[in-house]
Amino acid sequence: MKKKAKKALEQDSPLCCCEYVDRHGGRSHVAACCCDCEDLDEACDRWMKREPQKQDSLSRVMATVADRLRVPWISGAKQVDLSLIPPLILLPVLLHIAALHYLLGIVVLIALPGIVLWYYYLTHRKKGRTLFFLSLALFSLFYMYYLFVSEVVPRGNVSNLQLGVVTIGVVLTLITLMYTKRGPGYVRPHPSETHSTVTYHSPPPDIDSTYHNGSRHQVVIASRVSSPEESAESEADPGGALQKDGRRKNWCSFCRVVKPPRAGHCRICGACILRLDHHCVWINSCVGQANHRSFLLMLLLFLSTSLYGISLVLRSVCPTQSALTALLYCPDVYSQYSSALCFTCAWYSSIVTGGLLHLLVLQLINVSYNVTEREARIALRDKMGHSLFWGLIIDTGVYSHGFRGNWTEFLTMGETLEPPALKPADLV
């Protein structure tokens with residue numbers, strides 16, 4: 001305990017490139033990654049003594065390992081998320097195995113989406129953030145482009161212009177992804193009601209650390225006491241009680257703010273988002289008012305580039321077949337390993353493209369009816385919306401202004417919104 005207290009007292013001094021502040025608030029060093037591991041020692045002792053392990057022993061050991069897996073950095077060692085690593089290993093290994101034989105290809109291409117879906121439902125149930133899907137998406141993009149340049153282009157069937165189009169598509173996709181990752185648009189308290197701002201370098205005790213992935217975050221403390229002018233206004237308008245009741249329902253107890261219309265709280269991000277659509281695991285961020293347009297643009301660019309790249313690959317490995325026919329039937333493609341690998345990657349890209357195409361169609365339909373994914377789920381749950389085409393179209397009829405009006409509103413909506421009427425003082 002004295003050692004930890006001594007480390008806590010040294011927090012004010014700057015960190016060197018190999019030092020960091022661990023999850024207990026103490027100062028540690030990268031070289032001491034195998035020292036003082038009480039959780040691992042306790043688990044090993046129980047295993048040696050054949051005693052049952054505690055219910056949270058494995059999770060504490062994994063938390064310790066994840067906390068100590070760091071790389072040196074200028075302002076202190078940075079933590080490396082363990083969920084980044086599996087896609088970097090599994091994807092190349094599985095694709096190369098699938099290229100050995102067509103039966104192995106069938107097994108791998110069926111098992112790989114199953115593994116991804118299983119991990120998605122596992123993390124979605126726990127409402128935890130993970131970089132697995134973002135790592136898989138980015139590495140898939142880079143790895144497919146690498147194989148295209150190293151395996152397909154040398155065959156001589158791809159011109160420089162076609163290579164340039166694919167390259168520009170990849171670059172534009174990455175640019176729109178960076179723009180989308182800037183933020184979905186967070187609900188902020190009214191400036192006049194802000195009492196103070198507290199910055200946490202570790203998760204506070206009343207907030208689950210999985211919401212913030214152990215990172216630093218800020219909490220804005222807003223006063224809920226109304227001003228004399230607002231009190232006088234409420235006394236002069238006794239009918240405002242109904243409005244207060246409605247605003248009280250929009251009060252977020254986690255973020256301590258009043259949510260504007262169509263805003264929602266994301267339990268994964270731990271924040272209230274303006275016009276929340278959904279939390280997208282592929283970008284590890286929410287899709288909201290500030291980044292919804294760039295999210296759709298990113299999907300369009302990726303799908304266009306992917307479809308064009310797949311057609312070029314199939315024309316290269318199966319020159320006698322059309323692109324659609326070659327995907328279903330390409331004779332003698334497994335006679336050469338390079339051709340089999342390109343064909344397998346084309347199938348993998350087709351599966352990913354099909355899934356994202358379905359997402360894009362749903363997004364376009366929702367925008368046409370001026371409904372978000374979150375509102376559609378709530379409408380189905382409360383039986384307040386009209387479901388068409390087996391749930392593909394959900395029409396709530398609340399915010400719809402017609403097809404043209406809905407798209408005009410979507411394309412012209414601002415990235416921020418701070419309505420002055422929705423203040424925490426209105427809840428009193």
# chains A, B, ... in the order shown; residues from 1 in each chain; ligands from 1

$ closest_atom_pairs --of "stretch 84-196 of chain A" --to "stretch 354-364 of chain A" --cutoff "12 Å" --atoms "only C-alpha atoms" --output "JSON lines"
{"residue": "A:Pro113", "atom": "CA", "partner": "A:Gly355", "partner_atom": "CA", "distance": 10.1}
{"residue": "A:Leu117", "atom": "CA", "partner": "A:Gly355", "partner_atom": "CA", "distance": 11.6}
{"residue": "A:Ala137", "atom": "CA", "partner": "A:Leu356", "partner_atom": "CA", "distance": 11.2}

$ closest_atom_pairs --of "stretch 146-193 of chain A" --to "stretch 275-278 of chain A" --cutoff "12 Å" --atoms "only C-alpha atoms" --output "JSON lines"
{"residue": "A:Gly183", "atom": "CA", "partner": "A:Leu276", "partner_atom": "CA", "distance": 11.7}
{"residue": "A:Pro184", "atom": "CA", "partner": "A:Leu276", "partner_atom": "CA", "distance": 8.0}
{"residue": "A:Gly185", "atom": "CA", "partner": "A:Arg275", "partner_atom": "CA", "distance": 8.3}
{"residue": "A:Tyr186", "atom": "CA", "partner": "A:Arg275", "partner_atom": "CA", "distance": 9.4}
{"residue": "A:Val187", "atom": "CA", "partner": "A:Arg275", "partner_atom": "CA", "distance": 9.6}

$ atom_distance --atom1 "atom CA of A:Ser368" --atom2 "atom CA of A:His401"
9.4 Å

$ closest_residue --among "A:Leu299, A:Cys269, A:Ala379, A:Val158" --to "A:Arg315" --atoms "only C-alpha atoms"
A:Val158

$ atom_distance --atom1 "atom CA of A:Arg125" --atom2 "atom CA of A:Arg60"
19.4 Å

$ residues_around --residues "A:Ile351" --least-positions-apart "2" --cutoff "12 Å" --atoms "only C-alpha atoms" --output "PyMOL selection string"
chain A and resi 109-110+112-114+303+306-307+310+327+344-349+353-358

$ write_last_selection --atoms "N, CA and C atoms" --output "short mmCIF file (atom, residue, chain, number, x, y, z; two decimals), in the first residue's frame"
data_model
loop_
_atom_site.label_atom_id
_atom_site.label_comp_id
_atom_site.auth_asym_id
_atom_site.auth_seq_id
_atom_site.Cartn_x
_atom_site.Cartn_y
_atom_site.Cartn_z
N LEU A 109 -14.89 -19.56 -45.80
CA LEU A 109 -15.76 -18.43 -46.13
C LEU A 109 -17.12 -18.52 -45.43
N ILE A 110 -17.48 -19.69 -44.93
CA ILE A 110 -18.69 -19.81 -44.11
C ILE A 110 -18.36 -19.56 -42.64
N LEU A 112 -15.78 -17.79 -41.32
CA LEU A 112 -15.29 -16.44 -41.01
C LEU A 112 -16.41 -15.47 -40.69
N PRO A 113 -17.48 -15.37 -41.50
CA PRO A 113 -18.59 -14.50 -41.08
C PRO A 113 -19.26 -14.97 -39.80
N GLY A 114 -19.30 -16.30 -39.58
CA GLY A 114 -19.88 -16.81 -38.34
C GLY A 114 -19.09 -16.38 -37.12
N LEU A 303 -18.16 0.80 -51.42
CA LEU A 303 -18.86 -0.17 -52.27
C LEU A 303 -18.50 -0.01 -53.74
N SER A 306 -14.97 -1.35 -54.10
CA SER A 306 -14.93 -2.80 -53.92
C SER A 306 -15.52 -3.52 -55.13
N LEU A 307 -16.64 -3.07 -55.63
CA LEU A 307 -17.25 -3.72 -56.79
C LEU A 307 -16.36 -3.61 -58.03
N ILE A 310 -13.34 -5.99 -57.48
CA ILE A 310 -13.72 -7.40 -57.64
C ILE A 310 -13.86 -7.76 -59.12
N LEU A 327 -17.55 -15.49 -60.69
CA LEU A 327 -17.65 -15.62 -59.24
C LEU A 327 -18.31 -16.93 -58.85
N THR A 344 -10.20 -16.42 -53.97
CA THR A 344 -10.72 -16.47 -52.59
C THR A 344 -10.92 -15.07 -52.03
N CYS A 345 -9.97 -14.17 -52.28
CA CYS A 345 -10.11 -12.80 -51.81
C CYS A 345 -11.27 -12.08 -52.49
N ALA A 346 -11.52 -12.42 -53.75
CA ALA A 346 -12.68 -11.84 -54.44
C ALA A 346 -13.98 -12.28 -53.78
N TRP A 347 -14.04 -13.55 -53.38
CA TRP A 347 -15.22 -14.04 -52.68
C TRP A 347 -15.38 -13.38 -51.31
N TYR A 348 -14.27 -13.24 -50.59
CA TYR A 348 -14.31 -12.58 -49.28
C TYR A 348 -14.78 -11.13 -49.42
N SER A 349 -14.24 -10.44 -50.41
CA SER A 349 -14.67 -9.05 -50.65
C SER A 349 -16.13 -8.98 -51.05
N THR A 353 -18.88 -6.87 -49.16
CA THR A 353 -19.63 -5.89 -49.95
C THR A 353 -21.13 -6.12 -49.86
N GLY A 354 -21.55 -7.39 -49.85
CA GLY A 354 -22.98 -7.69 -49.72
C GLY A 354 -23.54 -7.21 -48.40
N GLY A 355 -22.79 -7.42 -47.31
CA GLY A 355 -23.26 -6.96 -46.01
C GLY A 355 -23.36 -5.44 -45.93
N LEU A 356 -22.36 -4.74 -46.45
CA LEU A 356 -22.40 -3.28 -46.42
C LEU A 356 -23.42 -2.71 -47.39
N LEU A 357 -23.67 -3.43 -48.49
CA LEU A 357 -24.71 -2.99 -49.42
C LEU A 357 -26.09 -3.05 -48.76
N HIS A 358 -26.32 -4.10 -47.97
CA HIS A 358 -27.57 -4.19 -47.21
C HIS A 358 -27.69 -3.03 -46.23
#

$ residues_around --residues "A:Ser253" --least-positions-apart "4" --cutoff "10 Å" --atoms "only C-alpha atoms" --output "MDAnalysis selection string"
chainID A and resid 257:258 265

$ write_last_selection --atoms "N, CA and C atoms" --output "PDB file, in the first residue's frame"
ATOM      1  N   VAL A 257     -27.641  15.950 -18.794  1.00  0.00           N
ATOM      2  CA  VAL A 257     -28.096  16.932 -19.761  1.00  0.00           C
ATOM      3  C   VAL A 257     -29.522  16.581 -20.178  1.00  0.00           C
ATOM      4  N   VAL A 258     -30.190  17.572 -20.758  1.00  0.00           N
ATOM      5  CA  VAL A 258     -31.506  17.352 -21.347  1.00  0.00           C
ATOM      6  C   VAL A 258     -31.317  17.026 -22.816  1.00  0.00           C
ATOM      7  N   HIS A 265     -29.039   8.349 -25.868  1.00  0.00           N
ATOM      8  CA  HIS A 265     -27.831   8.015 -25.107  1.00  0.00           C
ATOM      9  C   HIS A 265     -27.296   6.669 -25.572  1.00  0.00           C
TER      10      HIS A 265
END

$ select_by_dssp --residues "stretch 233-414 of chain A" --states "strand (DSSP E or B)" --output "JSON, numbers by chain"
{"A": [251, 252, 257, 258, 264, 265, 266, 271, 272, 273, 278, 279, 280, 285, 286, 287, 386, 387, 388, 393, 394, 395]}

$ select_by_dssp --residues "stretch 368-403 of chain A" --states "helix (DSSP H, G or I)" --output "number ranges by chain"
A: 368, 373-382, 403

$ closest_residue --among "A:Phe343, A:Ser316, A:Arg129, A:Ile378" --to "A:Arg155" --atoms "only C-alpha atoms"
A:Ser316
